[in-house]
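First up is the structure itself, then whatever we jot down about it.
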Amino acid sequence: AEYMGDQIHKYVQMAGGLELVEELKSDPLLRDNEDVKSSLNDLGLLMHYCSLLGIADNVSFDLTLARGLDYYTGVIFEAVLVKYQYDPSKGHGGHVAVGSVAGGGRYDELVGMFDPKKRSVPCVGLSIGVERLFAIIEEERRQAAKANTTKCQIRTTDTQVFVATAQKNLTDEKLKLCDMLWSNNILAAFSHKLNPKLLGQLHYCEEEGIPLALILGESELQRGVVKVRDVLSREEVEVPRSELVSTLKNRLDQL
């Protein structure tokens with residue numbers, strides 16, 4: 001058992017490219033195993049294709065990699081972003097550090113499990129670590145914000161303008177204004193609550209990264225104006241309804 005443990009430890013420390021595949025093919029402990037020979041031939045072909053495509057330097061044959069041993073029937077893989085790859089010896093170091101951001105492999109027998117004829121259907125699939133990618137995007141934005149090159153807001157909606165009401169019983173006016181904006185290809189949204197509080201609506205805009213908010217109140221309606229609020233700076237300006245669409249489009253073009 002100790003001998004076997006030493007041998008496994010030797011192999012799982014290995015990583016490389018086509019040269020490692022060739023080295024393992026000639027390994028006395030592996031070269032007579034038909035399963036190993038078949039797998040190494042597949043890996044050798046994969047590395048050969050990677051070389052032809054000019055991406056061999058971005059691919060590593062890593063013997064530590066293991067994914068669902070009862071699930072996959074061929075090559076398995078994981079994708080990492082080297083800049084953000086977690087290194088146990090260094091820890092996080094105050095920065096975002098993650099493992100793989102995508103992973104998958106070949107599973108020829110999975111589809112056949114649901115086929116009455118039990119046919120073998122060649123399949124390769126992968127999953128993407130969306131949460132990890134978002135963590136990296138947020139880190140990139142934070143670093144850029146420190147350098148004053150961009151705003152550190154991660155948007156989760158395409159909404160450009162939020163129509164907010166300052167008083168109760170303005171639902172009809174809110175819907176009319178949204179209809180006007182939609183008719184002019186401006187992505188607008190509003191709260192579906194009957195009488196939402198203004199502060200809550202503005203907080204929603206800030207949380208979702210919506211750049212502009214329109215504020216409707218009885219005073220604005222009587223004077224034929226709409227209050228336009230820059231959500232980030234919180235600056236507000238009153239705009240006549242007849243100029244609202246052109247004003248919004250100009251503001252949105254500058255974002």
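Ligands are numbered from 1 in the order shown, residues from 1 within each chain, and chains are lettered A, B, ... in the order they appear in the structure tokens.
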I'd like the contact shell of range 25-37 of chain A - 12 Å cut-off, only C-alpha atoms, skipping same-chain residues fewer than 4 positions apart - returned as an MDAnalysis selection string. chainID A and resid 4 7:8 11 18:21 41:44 73:74
Expected answer as a VMD selection string: alpha helix (DSSP H) residues in range 146-232 of chain A = chain A and resid 146 171 to 183 198 to 208 218 to 223
Checklist entry - So, counting only C-alpha atoms, which residue among A:Gln222, A:Asp115, A:Ile186, A:Leu216 is closest to Asp253 in chain A? => result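 Smallest separation from Asp253 in chain A among the options: A:Ile186.
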Inset, instruction - Among the residues of range 137-219 of chain A, find those DSSP assigns to strand (DSSP E) from the backbone and print them as a ChimeraX atom specification. - result: /A:161-165,188-190,212-216
Kindly save the residues from that selection, with N, CA, C and O atoms included, as a compact mmCIF listing (two decimals), in the first residue's frame.
# COMPACT_ATOMS: atom_id res chain seq x y z
N VAL A 161 -33.68 54.14 -18.18
CA VAL A 161 -34.40 55.20 -17.48
C VAL A 161 -35.45 54.56 -16.58
O VAL A 161 -36.21 53.69 -17.01
N PHE A 162 -35.50 55.00 -15.34
CA PHE A 162 -36.52 54.52 -14.41
C PHE A 162 -37.50 55.66 -14.13
O PHE A 162 -37.10 56.77 -13.79
N VAL A 163 -38.79 55.38 -14.30
CA VAL A 163 -39.82 56.39 -14.07
C VAL A 163 -40.32 56.25 -12.63
O VAL A 163 -40.93 55.24 -12.28
N ALA A 164 -40.04 57.25 -11.81
CA ALA A 164 -40.39 57.22 -10.39
C ALA A 164 -41.50 58.24 -10.11
O ALA A 164 -41.58 59.29 -10.76
N THR A 165 -42.34 57.91 -9.15
CA THR A 165 -43.41 58.83 -8.76
C THR A 165 -43.14 59.35 -7.36
O THR A 165 -42.68 58.61 -6.48
N ALA A 188 -37.14 51.81 -20.64
CA ALA A 188 -37.66 52.38 -19.40
C ALA A 188 -38.31 51.31 -18.54
O ALA A 188 -38.76 50.27 -19.03
N ALA A 189 -38.38 51.57 -17.25
CA ALA A 189 -39.02 50.66 -16.31
C ALA A 189 -39.64 51.48 -15.19
O ALA A 189 -39.35 52.67 -15.04
N PHE A 190 -40.48 50.84 -14.39
CA PHE A 190 -41.12 51.51 -13.27
C PHE A 190 -41.44 50.49 -12.20
O PHE A 190 -41.42 49.28 -12.44
N LEU A 212 -30.34 56.88 -15.28
CA LEU A 212 -31.21 58.06 -15.18
C LEU A 212 -32.55 57.69 -14.55
O LEU A 212 -33.08 56.60 -14.77
N ALA A 213 -33.08 58.63 -13.78
CA ALA A 213 -34.41 58.46 -13.20
C ALA A 213 -35.24 59.69 -13.53
O ALA A 213 -34.74 60.82 -13.52
N LEU A 214 -36.50 59.46 -13.85
CA LEU A 214 -37.45 60.55 -14.06
C LEU A 214 -38.38 60.59 -12.86
O LEU A 214 -38.91 59.57 -12.45
N ILE A 215 -38.57 61.78 -12.31
CA ILE A 215 -39.40 61.92 -11.13
C ILE A 215 -40.66 62.70 -11.49
O ILE A 215 -40.59 63.83 -11.98
N LEU A 216 -41.80 62.07 -11.26
CA LEU A 216 -43.10 62.67 -11.54
C LEU A 216 -43.79 63.04 -10.23
O LEU A 216 -43.87 62.23 -9.32
| Quick one: residues within 7 Å of range 97-109 of chain A, only C-alpha atoms counted, chain neighbours fewer than 4 positions away excluded, as a list in words? | Tyr71, Tyr72, Thr73, Gly74, Val75, Ile76, Phe77, Glu78, Ala79, Val80, Tyr84, Gln85, Tyr86, His92, Met113, Ser120, Val121, Pro122, Cys123, Val124, Gly125, Leu126, Ser127, Ile128, Gly129, Arg132 and Leu133 of chain A
Any chance you could export the current selection's C-alpha atoms as a PDB file, in the first residue's frame?
ATOM      1  CA  TYR A  71     -19.747  10.184 -15.130  1.00  0.00           C
ATOM      2  CA  TYR A  72     -17.160  10.914 -17.785  1.00  0.00           C
ATOM      3  CA  THR A  73     -15.947   8.469 -20.416  1.00  0.00           C
ATOM      4  CA  GLY A  74     -13.058  10.402 -21.936  1.00  0.00           C
ATOM      5  CA  VAL A  75     -11.071  13.606 -21.678  1.00  0.00           C
ATOM      6  CA  ILE A  76     -12.002  15.976 -18.868  1.00  0.00           C
ATOM      7  CA  PHE A  77     -10.968  19.618 -18.650  1.00  0.00           C
ATOM      8  CA  GLU A  78     -11.149  22.761 -16.567  1.00  0.00           C
ATOM      9  CA  ALA A  79     -10.529  26.365 -17.567  1.00  0.00           C
ATOM     10  CA  VAL A  80      -8.758  28.846 -15.308  1.00  0.00           C
ATOM     11  CA  TYR A  84      -7.002  34.995 -10.665  1.00  0.00           C
ATOM     12  CA  GLN A  85      -6.113  31.351 -10.120  1.00  0.00           C
ATOM     13  CA  TYR A  86      -6.042  30.366  -6.458  1.00  0.00           C
ATOM     14  CA  HIS A  92      -5.837  35.164  -1.480  1.00  0.00           C
ATOM     15  CA  MET A 113     -29.185   6.057 -20.523  1.00  0.00           C
ATOM     16  CA  SER A 120     -23.864   5.417 -27.577  1.00  0.00           C
ATOM     17  CA  VAL A 121     -24.124   9.113 -28.413  1.00  0.00           C
ATOM     18  CA  PRO A 122     -20.794  11.001 -28.433  1.00  0.00           C
ATOM     19  CA  CYS A 123     -21.110  14.088 -26.243  1.00  0.00           C
ATOM     20  CA  VAL A 124     -18.853  16.801 -24.854  1.00  0.00           C
ATOM     21  CA  GLY A 125     -20.221  19.359 -22.430  1.00  0.00           C
ATOM     22  CA  LEU A 126     -19.130  22.000 -20.004  1.00  0.00           C
ATOM     23  CA  SER A 127     -20.502  24.285 -17.328  1.00  0.00           C
ATOM     24  CA  ILE A 128     -19.437  27.857 -16.640  1.00  0.00           C
ATOM     25  CA  GLY A 129     -18.881  29.313 -13.167  1.00  0.00           C
ATOM     26  CA  ARG A 132     -16.816  33.289 -10.159  1.00  0.00           C
ATOM     27  CA  LEU A 133     -16.753  35.248 -13.403  1.00  0.00           C
TER      28      LEU A 133
END
Selection: 12 Å around Phe134 in chain A, only C-alpha atoms, excl. self and same-chain fewer than 4 positions, as an MDAnalysis selection string: chainID A and resid 96 98 101 128:130 138:141 153:156
Convert the current residue selection to file output with N, CA and C atoms, as an mmCIF file, in the first residue's frame.
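The result, written out as selection24.cif:
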data_model
loop_
_atom_site.group_PDB
_atom_site.id
_atom_site.type_symbol
_atom_site.label_atom_id
_atom_site.label_comp_id
_atom_site.auth_asym_id
_atom_site.auth_seq_id
_atom_site.Cartn_x
_atom_site.Cartn_y
_atom_site.Cartn_z
ATOM 1 N N VAL A 96 -9.078 38.903 -5.360
ATOM 2 C CA VAL A 96 -9.973 37.824 -5.742
ATOM 3 C C VAL A 96 -9.150 36.656 -6.284
ATOM 4 N N VAL A 98 -9.829 32.535 -7.448
ATOM 5 C CA VAL A 98 -10.825 31.479 -7.644
ATOM 6 C C VAL A 98 -10.156 30.254 -8.252
ATOM 7 N N VAL A 101 -13.016 28.383 -13.780
ATOM 8 C CA VAL A 101 -14.193 29.172 -14.150
ATOM 9 C C VAL A 101 -15.063 28.418 -15.156
ATOM 10 N N ILE A 128 -20.197 26.629 -16.864
ATOM 11 C CA ILE A 128 -19.437 27.857 -16.640
ATOM 12 C C ILE A 128 -19.741 28.383 -15.248
ATOM 13 N N GLY A 129 -18.715 28.769 -14.521
ATOM 14 C CA GLY A 129 -18.881 29.313 -13.167
ATOM 15 C C GLY A 129 -19.239 30.786 -13.218
ATOM 16 N N VAL A 130 -20.527 31.056 -13.394
ATOM 17 C CA VAL A 130 -20.973 32.440 -13.576
ATOM 18 C C VAL A 130 -20.643 33.297 -12.355
ATOM 19 N N GLU A 138 -16.185 42.119 -11.121
ATOM 20 C CA GLU A 138 -16.286 43.136 -10.079
ATOM 21 C C GLU A 138 -14.898 43.594 -9.630
ATOM 22 N N GLU A 139 -13.980 42.642 -9.501
ATOM 23 C CA GLU A 139 -12.618 42.995 -9.117
ATOM 24 C C GLU A 139 -11.961 43.869 -10.176
ATOM 25 N N GLU A 140 -12.170 43.526 -11.455
ATOM 26 C CA GLU A 140 -11.617 44.333 -12.540
ATOM 27 C C GLU A 140 -12.167 45.755 -12.485
ATOM 28 N N ARG A 141 -13.474 45.876 -12.224
ATOM 29 C CA ARG A 141 -14.094 47.194 -12.140
ATOM 30 C C ARG A 141 -13.547 47.983 -10.947
ATOM 31 N N GLN A 153 -19.560 50.195 -11.288
ATOM 32 C CA GLN A 153 -20.925 49.718 -11.154
ATOM 33 C C GLN A 153 -21.135 48.513 -12.049
ATOM 34 N N ILE A 154 -21.551 47.410 -11.464
ATOM 35 C CA ILE A 154 -21.855 46.217 -12.226
ATOM 36 C C ILE A 154 -23.349 46.221 -12.512
ATOM 37 N N ARG A 155 -23.736 46.379 -13.766
ATOM 38 C CA ARG A 155 -25.134 46.469 -14.120
ATOM 39 C C ARG A 155 -25.724 45.078 -14.344
ATOM 40 N N THR A 156 -26.928 44.873 -13.826
ATOM 41 C CA THR A 156 -27.618 43.603 -14.021
ATOM 42 C C THR A 156 -28.909 43.792 -14.802
#
Can you list, as number ranges by chain, every protein, DNA or RNA residue that comes within 12 Å of Asp57 in chain A when you count only C-alpha atoms, leaving out same-chain residues fewer than 3 positions away?
A: 16-18, 47-48, 50-54, 60-61
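Using only C-alpha atoms for every distance, the candidate list A:Tyr3, A:Leu187, A:Val237, A:Leu45 yields A:Leu187 as the residue closest to Lys249 in chain A.
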Work out how far CA of Leu177 in chain A is from CA of Gln201 in chain A, in Å to one decimal.
->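 According to the coordinates, CA of Gln201 in chain A and CA of Leu177 in chain A are separated by 16.2 Å.
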If you count only C-alpha atoms, the residue of A:Leu252, A:Glu238, A:Asn184, A:Leu81 closest to Gln160 in chain A turns out to be A:Leu252
